[in-house]
$ cat start.pdb   # PDB, C-alpha atoms, pLDDT in the B column
ATOM      1  CA  VAL F 155     -12.159 -27.060  -8.333  1.00 85.00           C
ATOM      2  CA  PHE F 156      -8.621 -27.744  -9.548  1.00 85.00           C
ATOM      3  CA  THR F 157      -7.062 -25.470  -6.924  1.00 87.00           C
ATOM      4  CA  THR F 158      -9.236 -26.898  -4.162  1.00 88.00           C
ATOM      5  CA  ALA F 159      -8.160 -30.417  -5.103  1.00 92.00           C
ATOM      6  CA  THR F 160      -4.446 -29.736  -5.592  1.00 91.00           C
ATOM      7  CA  LEU F 161      -3.646 -27.055  -2.987  1.00 91.00           C
ATOM      8  CA  PRO F 162      -3.188 -29.545  -0.120  1.00 90.00           C
ATOM      9  CA  VAL F 163      -0.501 -31.369  -2.137  1.00 92.00           C
ATOM     10  CA  THR F 164       1.166 -28.106  -3.157  1.00 88.00           C
ATOM     11  CA  ASN F 165       1.144 -26.777   0.403  1.00 86.00           C
ATOM     12  CA  TYR F 166       2.364 -30.101   1.784  1.00 90.00           C
ATOM     13  CA  ARG F 167       5.320 -30.127  -0.627  1.00 91.00           C
ATOM     14  CA  TYR F 168       6.069 -26.449   0.065  1.00 85.00           C
ATOM     15  CA  ARG F 169       5.954 -26.867   3.850  1.00 84.00           C
ATOM     16  CA  LYS F 170       8.146 -29.997   3.732  1.00 88.00           C
ATOM     17  CA  SER F 171      10.695 -28.275   1.468  1.00 88.00           C
ATOM     18  CA  MET F 172      10.837 -25.334   3.885  1.00 81.00           C
ATOM     19  CA  GLN F 173      11.074 -27.728   6.855  1.00 83.00           C
ATOM     20  CA  LEU F 174       7.823 -26.348   8.294  1.00 81.00           C
ATOM     21  CA  GLU F 175       5.268 -28.302  10.275  1.00 83.00           C
ATOM     22  CA  VAL F 176       2.386 -29.761   8.267  1.00 86.00           C
ATOM     23  CA  LYS F 177      -0.997 -29.835  10.019  1.00 87.00           C
ATOM     24  CA  TRP F 178      -4.582 -30.106   8.815  1.00 86.00           C
ATOM     25  CA  GLY F 179      -5.012 -26.463   9.823  1.00 84.00           C
ATOM     26  CA  ASN F 180      -2.409 -25.202   7.335  1.00 84.00           C
ATOM     27  CA  ILE F 181      -3.018 -27.515   4.395  1.00 87.00           C
ATOM     28  CA  TYR F 182      -5.313 -24.897   2.768  1.00 89.00           C
ATOM     29  CA  GLU F 183      -3.153 -21.955   3.778  1.00 87.00           C
ATOM     30  CA  ALA F 184      -3.285 -19.016   1.324  1.00 86.00           C
ATOM     31  CA  TYR F 185      -6.355 -20.553  -0.346  1.00 91.00           C
ATOM     32  CA  TRP F 186      -7.960 -17.350  -1.691  1.00 92.00           C
ATOM     33  CA  PRO F 187      -4.818 -15.811  -3.194  1.00 92.00           C
ATOM     34  CA  THR F 188      -4.143 -19.155  -4.873  1.00 91.00           C
ATOM     35  CA  VAL F 189      -7.676 -19.446  -6.269  1.00 93.00           C
ATOM     36  CA  ILE F 190      -7.588 -15.845  -7.503  1.00 95.00           C
ATOM     37  CA  ARG F 191      -4.139 -16.371  -9.046  1.00 94.00           C
ATOM     38  CA  ASP F 192      -5.328 -19.444 -10.927  1.00 94.00           C
ATOM     39  CA  ILE F 193      -8.499 -17.709 -12.142  1.00 95.00           C
ATOM     40  CA  VAL F 194      -6.541 -14.664 -13.335  1.00 97.00           C
ATOM     41  CA  TYR F 195      -4.031 -16.965 -15.060  1.00 96.00           C
ATOM     42  CA  GLY F 196      -6.829 -18.741 -16.938  1.00 96.00           C
ATOM     43  CA  ILE F 197      -8.528 -15.497 -17.949  1.00 97.00           C
ATOM     44  CA  CYS F 198      -5.210 -14.018 -19.133  1.00 97.00           C
ATOM     45  CA  ARG F 199      -4.436 -17.127 -21.176  1.00 97.00           C
ATOM     46  CA  ASN F 200      -7.873 -17.084 -22.810  1.00 97.00           C
ATOM     47  CA  TYR F 201      -7.697 -13.416 -23.820  1.00 98.00           C
ATOM     48  CA  CYS F 202      -4.066 -13.672 -24.881  1.00 98.00           C
ATOM     49  CA  THR F 203      -4.912 -16.682 -27.057  1.00 97.00           C
ATOM     50  CA  ILE F 204      -7.634 -14.652 -28.790  1.00 97.00           C
ATOM     51  CA  TRP F 205      -5.292 -11.689 -29.298  1.00 97.00           C
ATOM     52  CA  THR F 206      -2.380 -13.845 -30.452  1.00 98.00           C
ATOM     53  CA  LEU F 207      -4.524 -15.687 -33.003  1.00 98.00           C
ATOM     54  CA  ALA F 208      -5.905 -12.361 -34.249  1.00 98.00           C
ATOM     55  CA  ALA F 209      -2.349 -11.041 -34.657  1.00 97.00           C
ATOM     56  CA  ALA F 210      -1.132 -14.245 -36.382  1.00 97.00           C
ATOM     57  CA  PRO F 211      -4.134 -15.713 -38.231  1.00 95.00           C
ATOM     58  CA  GLY F 212      -2.052 -18.519 -39.730  1.00 96.00           C
ATOM     59  CA  TRP F 213      -1.407 -20.020 -36.312  1.00 96.00           C
ATOM     60  CA  LYS F 214      -3.719 -22.443 -34.514  1.00 94.00           C
ATOM     61  CA  ALA F 215      -4.676 -22.421 -30.834  1.00 92.00           C
ATOM     62  CA  THR F 216      -2.702 -25.671 -30.513  1.00 89.00           C
ATOM     63  CA  SER F 217       0.492 -24.232 -32.031  1.00 93.00           C
ATOM     64  CA  PRO F 218       3.475 -24.388 -29.672  1.00 94.00           C
ATOM     65  CA  GLN F 219       4.351 -20.754 -30.399  1.00 96.00           C
ATOM     66  CA  VAL F 220       0.850 -19.656 -29.327  1.00 97.00           C
ATOM     67  CA  LEU F 221       1.146 -21.614 -26.096  1.00 96.00           C
ATOM     68  CA  PHE F 222       4.607 -20.165 -25.458  1.00 97.00           C
ATOM     69  CA  ILE F 223       3.307 -16.594 -25.749  1.00 97.00           C
ATOM     70  CA  VAL F 224       0.090 -17.043 -23.799  1.00 97.00           C
ATOM     71  CA  VAL F 225       1.734 -18.951 -20.944  1.00 97.00           C
ATOM     72  CA  ILE F 226       4.281 -16.185 -20.460  1.00 97.00           C
ATOM     73  CA  LEU F 227       1.555 -13.533 -20.510  1.00 97.00           C
ATOM     74  CA  GLY F 228      -0.674 -15.581 -18.208  1.00 97.00           C
ATOM     75  CA  CYS F 229       2.156 -15.983 -15.715  1.00 97.00           C
ATOM     76  CA  LEU F 230       2.943 -12.260 -15.828  1.00 97.00           C
ATOM     77  CA  GLY F 231      -0.722 -11.324 -15.412  1.00 97.00           C
ATOM     78  CA  SER F 232      -1.243 -13.572 -12.408  1.00 96.00           C
ATOM     79  CA  ALA F 233       2.137 -12.856 -10.794  1.00 96.00           C
ATOM     80  CA  PRO F 234       0.910 -10.271  -8.248  1.00 95.00           C
ATOM     81  CA  PHE F 235      -1.395 -12.895  -6.744  1.00 94.00           C
ATOM     82  CA  ASN F 236       1.465 -15.371  -6.598  1.00 92.00           C
ATOM     83  CA  GLU F 237       3.476 -12.781  -4.696  1.00 93.00           C
ATOM     84  CA  TRP F 238       0.547 -12.251  -2.302  1.00 93.00           C
ATOM     85  CA  ARG F 239       0.393 -16.025  -1.802  1.00 90.00           C
ATOM     86  CA  GLY F 240       4.115 -16.150  -1.009  1.00 89.00           C
ATOM     87  CA  PHE F 241       3.719 -13.297   1.453  1.00 92.00           C
ATOM     88  CA  LEU F 242       0.973 -15.201   3.296  1.00 89.00           C
ATOM     89  CA  LEU F 243       2.990 -18.436   3.354  1.00 86.00           C
ATOM     90  CA  GLN F 244       5.897 -16.982   5.327  1.00 85.00           C
ATOM     91  CA  ALA F 245       7.022 -18.993   8.332  1.00 79.00           C
ATOM     92  CA  LYS F 246       5.069 -17.954  11.410  1.00 80.00           C
ATOM     93  CA  GLY F 247       7.121 -15.920  13.809  1.00 85.00           C
ATOM     94  CA  GLN F 248       9.523 -14.896  11.045  1.00 86.00           C
ATOM     95  CA  GLU F 249       7.150 -12.801   8.930  1.00 91.00           C
ATOM     96  CA  LEU F 250       8.502  -9.789   7.101  1.00 93.00           C
ATOM     97  CA  SER F 251       6.444  -6.677   6.496  1.00 93.00           C
ATOM     98  CA  PHE F 252       5.174  -6.392   2.925  1.00 90.00           C
ATOM     99  CA  LYS F 253       7.674  -3.590   2.328  1.00 90.00           C
ATOM    100  CA  ASP F 254      10.540  -5.865   3.399  1.00 93.00           C
ATOM    101  CA  PHE F 255       9.108  -8.955   1.682  1.00 93.00           C
ATOM    102  CA  PHE F 256       8.392  -7.403  -1.703  1.00 92.00           C
ATOM    103  CA  LYS F 257      11.537  -6.531  -3.632  1.00 93.00           C
ATOM    104  CA  PRO F 258      10.691  -5.330  -7.172  1.00 93.00           C
ATOM    105  CA  SER F 259      13.947  -6.604  -8.695  1.00 94.00           C
ATOM    106  CA  ASN F 260      13.456 -10.074  -7.170  1.00 93.00           C
ATOM    107  CA  PHE F 261       9.812 -10.072  -8.280  1.00 94.00           C
ATOM    108  CA  VAL F 262      10.680  -9.191 -11.877  1.00 95.00           C
ATOM    109  CA  ARG F 263      13.533 -11.718 -12.023  1.00 96.00           C
ATOM    110  CA  SER F 264      11.661 -14.653 -10.465  1.00 94.00           C
ATOM    111  CA  THR F 265       8.429 -13.918 -12.367  1.00 95.00           C
ATOM    112  CA  GLY F 266      10.239 -13.579 -15.689  1.00 96.00           C
ATOM    113  CA  LEU F 267      12.333 -16.707 -15.228  1.00 96.00           C
ATOM    114  CA  GLY F 268       9.396 -18.725 -13.898  1.00 95.00           C
ATOM    115  CA  ALA F 269       7.163 -17.642 -16.790  1.00 96.00           C
ATOM    116  CA  PHE F 270       9.861 -18.416 -19.349  1.00 97.00           C
ATOM    117  CA  LYS F 271      10.565 -21.843 -17.819  1.00 97.00           C
ATOM    118  CA  GLN F 272       6.892 -22.791 -17.767  1.00 96.00           C
ATOM    119  CA  ALA F 273       6.339 -21.504 -21.316  1.00 96.00           C
ATOM    120  CA  ILE F 274       9.319 -23.461 -22.661  1.00 97.00           C
ATOM    121  CA  ALA F 275       8.186 -26.659 -20.938  1.00 96.00           C
ATOM    122  CA  LEU F 276       4.583 -26.484 -22.153  1.00 95.00           C
ATOM    123  CA  ALA F 277       5.427 -25.346 -25.683  1.00 95.00           C
ATOM    124  CA  LEU F 278       8.041 -28.079 -25.988  1.00 95.00           C
ATOM    125  CA  GLY F 279       5.434 -30.595 -24.845  1.00 93.00           C
ATOM    126  CA  TYR F 280       2.994 -29.321 -27.477  1.00 91.00           C
ATOM    127  CA  TRP F 281       5.716 -29.574 -30.096  1.00 93.00           C
ATOM    128  CA  CYS F 282       6.809 -33.092 -29.078  1.00 94.00           C
ATOM    129  CA  ALA F 283       3.377 -34.629 -28.461  1.00 92.00           C
ATOM    130  CA  PRO F 284       2.222 -35.141 -32.089  1.00 90.00           C
ATOM    131  CA  PRO F 285       5.336 -36.990 -33.349  1.00 92.00           C
ATOM    132  CA  VAL F 286       5.575 -39.035 -30.137  1.00 93.00           C
ATOM    133  CA  THR F 287       1.883 -39.935 -30.381  1.00 92.00           C
ATOM    134  CA  LYS F 288       2.357 -40.982 -34.011  1.00 94.00           C
ATOM    135  CA  PHE F 289       5.407 -43.065 -33.080  1.00 94.00           C
ATOM    136  CA  VAL F 290       3.643 -44.829 -30.192  1.00 94.00           C
ATOM    137  CA  ARG F 291       0.579 -45.540 -32.334  1.00 93.00           C
ATOM    138  CA  GLY F 292       2.907 -47.035 -34.952  1.00 93.00           C
ATOM    139  CA  LEU F 293       4.434 -49.324 -32.331  1.00 92.00           C
ATOM    140  CA  LEU F 294       1.029 -50.447 -31.097  1.00 92.00           C
ATOM    141  CA  HIS F 295      -0.237 -51.316 -34.588  1.00 87.00           C
ATOM    142  CA  HIS F 296       2.701 -53.570 -35.477  1.00 74.00           C
TER     143      HIS F 296
END
$ encode --input "start.pdb" --output "C-alpha coordinates"
Amino acid sequence: VFTTATLPVTNYRYRKSMQLEVKWGNIYEAYWPTVIRDIVYGICRNYCTIWTLAAAPGWKATSPQVLFIVVILGCLGSAPFNEWRGFLLQAKGQELSFKDFFKPSNFVRSTGLGAFKQAIALALGYWCAPPVTKFVRGLLHH
(Lines of atoms letter the chains of each structure in order from A and count residues from 1; the text may use other names and numbers.)
(Lines give C-alpha, C1' and ligand atoms only; values in the text may rest on other atoms or scores of the structure.)
Protein backbone atom coordinates (compact mmCIF):
# COMPACT_ATOMS: atom_id res chain seq x y z
CA VAL A 1 0.00 0.00 0.00
CA PHE A 2 2.79 2.41 0.94
CA THR A 3 4.59 1.94 -2.37
CA THR A 4 1.38 2.25 -4.36
CA ALA A 5 0.59 5.53 -2.60
CA THR A 6 4.07 7.07 -2.75
CA LEU A 7 5.49 5.83 -6.08
CA PRO A 8 3.79 8.55 -8.17
CA VAL A 9 5.48 11.24 -6.05
CA THR A 10 8.84 9.44 -6.18
CA ASN A 11 8.63 8.95 -9.94
CA TYR A 12 7.47 12.54 -10.47
CA ARG A 13 10.45 13.89 -8.50
CA TYR A 14 12.85 11.51 -10.28
CA ARG A 15 11.57 12.39 -13.76
CA LYS A 16 11.68 16.14 -13.02
CA SER A 17 15.23 15.89 -11.64
CA MET A 18 16.31 14.03 -14.78
CA GLN A 19 14.46 16.55 -16.97
CA LEU A 20 12.22 13.79 -18.35
CA GLU A 21 8.61 14.18 -19.40
CA VAL A 22 6.02 13.33 -16.75
CA LYS A 23 2.81 11.70 -18.01
CA TRP A 24 0.09 9.63 -16.37
CA GLY A 25 1.45 6.65 -18.30
CA ASN A 26 4.85 6.76 -16.58
CA ILE A 27 3.87 7.76 -13.06
CA TYR A 28 3.84 4.08 -11.98
CA GLU A 29 6.90 3.16 -14.01
CA ALA A 30 9.00 0.34 -12.48
CA TYR A 31 6.13 -0.49 -10.10
CA TRP A 32 6.90 -4.20 -9.53
CA PRO A 33 10.64 -3.84 -8.89
CA THR A 34 9.81 -1.05 -6.43
CA VAL A 35 7.17 -3.11 -4.61
CA ILE A 36 9.49 -6.13 -4.45
CA ARG A 37 12.37 -3.95 -3.23
CA ASP A 38 10.24 -2.50 -0.44
CA ILE A 39 8.94 -5.93 0.60
CA VAL A 40 12.45 -7.40 0.66
CA TYR A 41 13.67 -4.39 2.66
CA GLY A 42 10.95 -4.91 5.26
CA ILE A 43 11.58 -8.65 5.52
CA CYS A 44 15.34 -8.08 5.85
CA ARG A 45 14.82 -5.49 8.58
CA ASN A 46 12.49 -7.80 10.52
CA TYR A 47 14.86 -10.78 10.44
CA CYS A 48 17.91 -8.63 11.10
CA THR A 49 16.17 -7.08 14.11
CA ILE A 50 15.51 -10.57 15.51
CA TRP A 51 19.12 -11.64 14.90
CA THR A 52 20.59 -8.41 16.27
CA LEU A 53 18.53 -8.61 19.46
CA ALA A 54 19.52 -12.27 19.88
CA ALA A 55 23.20 -11.31 19.49
CA ALA A 56 22.89 -8.33 21.89
CA PRO A 57 20.16 -9.22 24.41
CA GLY A 58 20.71 -6.01 26.38
CA TRP A 59 19.55 -3.89 23.46
CA LYS A 60 15.93 -3.01 22.70
CA ALA A 61 14.24 -2.99 19.29
CA THR A 62 14.00 0.80 19.67
CA SER A 63 17.73 1.27 20.34
CA PRO A 64 19.44 3.52 17.79
CA GLN A 65 22.28 1.02 17.37
CA VAL A 66 19.78 -1.72 16.45
CA LEU A 67 18.15 0.53 13.88
CA PHE A 68 21.55 1.50 12.47
CA ILE A 69 22.49 -2.14 11.90
CA VAL A 70 19.17 -3.35 10.53
CA VAL A 71 18.74 -0.40 8.16
CA ILE A 72 22.15 -1.04 6.63
CA LEU A 73 21.39 -4.75 6.25
CA GLY A 74 17.92 -4.05 4.88
CA CYS A 75 19.34 -1.67 2.29
CA LEU A 76 22.00 -4.19 1.27
CA GLY A 77 19.45 -7.01 1.03
CA SER A 78 17.06 -5.03 -1.14
CA ALA A 79 19.75 -3.37 -3.27
CA PRO A 80 19.51 -5.73 -6.28
CA PHE A 81 15.86 -4.74 -6.71
CA ASN A 82 16.79 -1.08 -6.49
CA GLU A 83 19.32 -1.66 -9.26
CA TRP A 84 16.64 -3.40 -11.35
CA ARG A 85 14.36 -0.40 -10.75
CA GLY A 86 17.08 2.00 -11.90
CA PHE A 87 17.67 -0.10 -15.00
CA LEU A 88 13.97 0.11 -15.91
CA LEU A 89 13.84 3.87 -15.30
CA GLN A 90 16.46 4.73 -17.92
CA ALA A 91 15.51 7.48 -20.35
CA LYS A 92 13.72 6.01 -23.35
CA GLY A 93 15.85 5.98 -26.44
CA GLN A 94 19.04 6.12 -24.37
CA GLU A 95 18.79 2.72 -22.66
CA LEU A 96 21.96 0.81 -21.92
CA SER A 97 22.13 -2.96 -21.97
CA PHE A 98 22.17 -4.51 -18.50
CA LYS A 99 25.84 -5.38 -19.00
CA ASP A 100 26.65 -1.72 -19.72
CA PHE A 101 24.28 -0.38 -17.06
CA PHE A 102 25.40 -2.58 -14.18
CA LYS A 103 28.89 -1.75 -12.95
CA PRO A 104 29.75 -3.78 -9.81
CA SER A 105 32.07 -1.12 -8.38
CA ASN A 106 29.43 1.61 -8.81
CA PHE A 107 26.78 -0.70 -7.33
CA VAL A 108 28.87 -1.48 -4.24
CA ARG A 109 29.84 2.17 -3.73
CA SER A 110 26.36 3.67 -4.18
CA THR A 111 24.64 0.89 -2.20
CA GLY A 112 27.13 1.13 0.66
CA LEU A 113 27.01 4.92 0.86
CA GLY A 114 23.23 5.03 0.49
CA ALA A 115 22.75 2.40 3.20
CA PHE A 116 25.16 4.17 5.55
CA LYS A 117 23.49 7.56 4.97
CA GLN A 118 20.02 6.18 5.61
CA ALA A 119 21.17 4.25 8.69
CA ILE A 120 22.85 7.33 10.18
CA ALA A 121 19.79 9.49 9.56
CA LEU A 122 17.29 7.06 11.08
CA ALA A 123 19.48 6.07 14.03
CA LEU A 124 20.19 9.72 14.79
CA GLY A 125 16.45 10.39 14.70
CA TYR A 126 15.85 7.52 17.13
CA TRP A 127 18.57 8.88 19.39
CA CYS A 128 17.30 12.49 19.27
CA ALA A 129 13.55 11.81 19.51
CA PRO A 130 13.27 10.95 23.25
CA PRO A 131 15.10 14.03 24.60
CA VAL A 132 13.38 16.32 22.09
CA THR A 133 9.99 14.85 23.00
CA LYS A 134 10.73 15.37 26.69
CA PHE A 135 11.83 18.96 26.04
CA VAL A 136 8.73 19.80 23.98
CA ARG A 137 6.43 18.23 26.57
CA GLY A 138 8.16 20.35 29.22
CA LEU A 139 7.49 23.49 27.18
CA LEU A 140 3.84 22.60 26.71
CA HIS A 141 3.24 21.99 30.43
CA HIS A 142 4.62 25.35 31.57
$ atom_distance --input "start.pdb" --atom1 "atom CA of F:Phe241" --atom2 "atom CA of F:Cys229"
17.4 Å
$ residues_around --input "start.pdb" --residues "F:Arg263" --least-positions-apart "6" --cutoff "12 Å" --atoms "all atoms listed in the file" --output "list in words"
Leu230, Ala233, Lys257, Ala269 and Phe270 of chain F
$ closest_atom_pairs --input "start.pdb" --of "stretch 242-283 of chain F" --to "stretch 220-226 of chain F" --cutoff "9 Å" --atoms "only C-alpha atoms" --output "JSON lines"
{"residue": "F:Gly266", "atom": "CA", "partner": "F:Ile226", "partner_atom": "CA", "distance": 8.1}
{"residue": "F:Gly268", "atom": "CA", "partner": "F:Ile226", "partner_atom": "CA", "distance": 8.7}
{"residue": "F:Ala269", "atom": "CA", "partner": "F:Ile226", "partner_atom": "CA", "distance": 4.9}
{"residue": "F:Phe270", "atom": "CA", "partner": "F:Ile226", "partner_atom": "CA", "distance": 6.1}
{"residue": "F:Lys271", "atom": "CA", "partner": "F:Ile226", "partner_atom": "CA", "distance": 8.9}
{"residue": "F:Gln272", "atom": "CA", "partner": "F:Val225", "partner_atom": "CA", "distance": 7.2}
{"residue": "F:Ala273", "atom": "CA", "partner": "F:Phe222", "partner_atom": "CA", "distance": 4.7}
{"residue": "F:Ile274", "atom": "CA", "partner": "F:Phe222", "partner_atom": "CA", "distance": 6.4}
{"residue": "F:Ala275", "atom": "CA", "partner": "F:Phe222", "partner_atom": "CA", "distance": 8.7}
{"residue": "F:Leu276", "atom": "CA", "partner": "F:Phe222", "partner_atom": "CA", "distance": 7.1}
{"residue": "F:Ala277", "atom": "CA", "partner": "F:Phe222", "partner_atom": "CA", "distance": 5.3}
{"residue": "F:Leu278", "atom": "CA", "partner": "F:Phe222", "partner_atom": "CA", "distance": 8.6}
{"residue": "F:Tyr280", "atom": "CA", "partner": "F:Leu221", "partner_atom": "CA", "distance": 8.0}
$ residues_near_point --input "start.pdb" --point "(7.0, -20.3, 12.2)" --cutoff "12 Å" --atoms "all atoms listed in the file" --output "short mmCIF file (atom, residue, chain, number, x, y, z; two decimals) with C-alpha atoms, keeping the file's coordinate frame"
data_model
loop_
_atom_site.label_atom_id
_atom_site.label_comp_id
_atom_site.auth_asym_id
_atom_site.auth_seq_id
_atom_site.Cartn_x
_atom_site.Cartn_y
_atom_site.Cartn_z
CA ARG F 169 5.95 -26.87 3.85
CA MET F 172 10.84 -25.33 3.88
CA GLN F 173 11.07 -27.73 6.86
CA LEU F 174 7.82 -26.35 8.29
CA GLU F 175 5.27 -28.30 10.28
CA VAL F 176 2.39 -29.76 8.27
CA ASN F 180 -2.41 -25.20 7.34
CA LEU F 242 0.97 -15.20 3.30
CA LEU F 243 2.99 -18.44 3.35
CA GLN F 244 5.90 -16.98 5.33
CA ALA F 245 7.02 -18.99 8.33
CA LYS F 246 5.07 -17.95 11.41
CA GLY F 247 7.12 -15.92 13.81
CA GLN F 248 9.52 -14.90 11.04
CA GLU F 249 7.15 -12.80 8.93
CA LEU F 250 8.50 -9.79 7.10
#
$ atom_distance --input "start.pdb" --atom1 "atom CA of F:Trp213" --atom2 "atom CA of F:Tyr195"
21.6 Å
$ resolve_selection --input "start.pdb" --expression "the PyMOL selection byres ((chain F and resi 181) around 12)" --output "ChimeraX atom specification"
/F:158-170,174-180,182-185,243
$ closest_residue --input "start.pdb" --among "F:Ser259, F:Ser232, F:Thr157, F:Ser251" --to "F:Ile197" --atoms "all atoms listed in the file"
F:Ser232
$ closest_residue --input "start.pdb" --among "F:Ile193, F:Ser171, F:Gly292, F:Cys198" --to "F:Val155" --atoms "only C-alpha atoms"
F:Ile193
$ atom_distance --input "start.pdb" --atom1 "atom CA of F:Thr203" --atom2 "atom CA of F:Gln219"
10.7 Å
$ axis_aligned_box --input "start.pdb" --around "stretch 233-248 of chain F" --padding-each-side "4 Å" --output "lines of an AutoDock Vina configuration file"
center_x = 4.1
center_y = -14.6
center_z = 1.5
size_x = 18.9
size_y = 16.7
size_z = 32.6
$ closest_residue --input "start.pdb" --among "F:Pro187, F:Leu293, F:Asn200, F:Thr216" --to "F:Gly240" --atoms "all atoms listed in the file"
F:Pro187
$ residues_around --input "start.pdb" --residues "F:Tyr201" --least-positions-apart "6" --cutoff "10 Å" --atoms "all atoms listed in the file" --output "number ranges by chain"
F: 207, 224, 227-228
$ closest_residue --input "start.pdb" --among "F:Asp192, F:Lys214, F:Trp186, F:Glu237" --to "F:Phe252" --atoms "all atoms listed in the file"
F:Glu237
$ decode --input "start.pdb" --residues "stretch 271-284 of chain F" --atoms "N, CA, C and O atoms" --output "PDB file, in the first residue's frame"
ATOM      1  N   LYS F 271      24.158   6.264   4.805  1.00  0.00           N
ATOM      2  CA  LYS F 271      23.491   7.556   4.966  1.00  0.00           C
ATOM      3  C   LYS F 271      22.098   7.374   5.582  1.00  0.00           C
ATOM      4  O   LYS F 271      21.721   8.088   6.521  1.00  0.00           O
ATOM      5  N   GLN F 272      21.353   6.418   5.074  1.00  0.00           N
ATOM      6  CA  GLN F 272      20.016   6.177   5.605  1.00  0.00           C
ATOM      7  C   GLN F 272      20.079   5.674   7.049  1.00  0.00           C
ATOM      8  O   GLN F 272      19.289   6.088   7.894  1.00  0.00           O
ATOM      9  N   ALA F 273      21.023   4.792   7.336  1.00  0.00           N
ATOM     10  CA  ALA F 273      21.166   4.252   8.692  1.00  0.00           C
ATOM     11  C   ALA F 273      21.543   5.350   9.689  1.00  0.00           C
ATOM     12  O   ALA F 273      20.996   5.405  10.799  1.00  0.00           O
ATOM     13  N   ILE F 274      22.456   6.216   9.307  1.00  0.00           N
ATOM     14  CA  ILE F 274      22.853   7.329  10.178  1.00  0.00           C
ATOM     15  C   ILE F 274      21.645   8.233  10.451  1.00  0.00           C
ATOM     16  O   ILE F 274      21.385   8.606  11.599  1.00  0.00           O
ATOM     17  N   ALA F 275      20.918   8.581   9.402  1.00  0.00           N
ATOM     18  CA  ALA F 275      19.785   9.494   9.559  1.00  0.00           C
ATOM     19  C   ALA F 275      18.715   8.908  10.480  1.00  0.00           C
ATOM     20  O   ALA F 275      18.232   9.586  11.401  1.00  0.00           O
ATOM     21  N   LEU F 276      18.348   7.661  10.270  1.00  0.00           N
ATOM     22  CA  LEU F 276      17.292   7.056  11.083  1.00  0.00           C
ATOM     23  C   LEU F 276      17.754   6.795  12.514  1.00  0.00           C
ATOM     24  O   LEU F 276      17.008   7.035  13.467  1.00  0.00           O
ATOM     25  N   ALA F 277      18.971   6.317  12.678  1.00  0.00           N
ATOM     26  CA  ALA F 277      19.481   6.068  14.033  1.00  0.00           C
ATOM     27  C   ALA F 277      19.624   7.383  14.802  1.00  0.00           C
ATOM     28  O   ALA F 277      19.298   7.447  15.993  1.00  0.00           O
ATOM     29  N   LEU F 278      20.074   8.416  14.140  1.00  0.00           N
ATOM     30  CA  LEU F 278      20.192   9.718  14.786  1.00  0.00           C
ATOM     31  C   LEU F 278      18.809  10.224  15.209  1.00  0.00           C
ATOM     32  O   LEU F 278      18.641  10.768  16.303  1.00  0.00           O
ATOM     33  N   GLY F 279      17.823  10.016  14.354  1.00  0.00           N
ATOM     34  CA  GLY F 279      16.453  10.386  14.700  1.00  0.00           C
ATOM     35  C   GLY F 279      15.951   9.625  15.913  1.00  0.00           C
ATOM     36  O   GLY F 279      15.320  10.196  16.805  1.00  0.00           O
ATOM     37  N   TYR F 280      16.239   8.326  15.970  1.00  0.00           N
ATOM     38  CA  TYR F 280      15.845   7.521  17.134  1.00  0.00           C
ATOM     39  C   TYR F 280      16.552   8.001  18.393  1.00  0.00           C
ATOM     40  O   TYR F 280      15.985   7.982  19.472  1.00  0.00           O
ATOM     41  N   TRP F 281      17.785   8.424  18.248  1.00  0.00           N
ATOM     42  CA  TRP F 281      18.565   8.883  19.388  1.00  0.00           C
ATOM     43  C   TRP F 281      18.067  10.249  19.872  1.00  0.00           C
ATOM     44  O   TRP F 281      17.972  10.498  21.068  1.00  0.00           O
ATOM     45  N   CYS F 282      17.725  11.128  18.932  1.00  0.00           N
ATOM     46  CA  CYS F 282      17.295  12.486  19.274  1.00  0.00           C
ATOM     47  C   CYS F 282      15.844  12.568  19.730  1.00  0.00           C
ATOM     48  O   CYS F 282      15.492  13.470  20.498  1.00  0.00           O
ATOM     49  N   ALA F 283      14.993  11.684  19.254  1.00  0.00           N
ATOM     50  CA  ALA F 283      13.552  11.809  19.511  1.00  0.00           C
ATOM     51  C   ALA F 283      13.186  11.828  20.996  1.00  0.00           C
ATOM     52  O   ALA F 283      12.411  12.696  21.410  1.00  0.00           O
ATOM     53  N   PRO F 284      13.702  10.918  21.830  1.00  0.00           N
ATOM     54  CA  PRO F 284      13.273  10.953  23.245  1.00  0.00           C
ATOM     55  C   PRO F 284      13.609  12.256  23.971  1.00  0.00           C
ATOM     56  O   PRO F 284      12.725  12.838  24.611  1.00  0.00           O
TER      57      PRO F 284
END
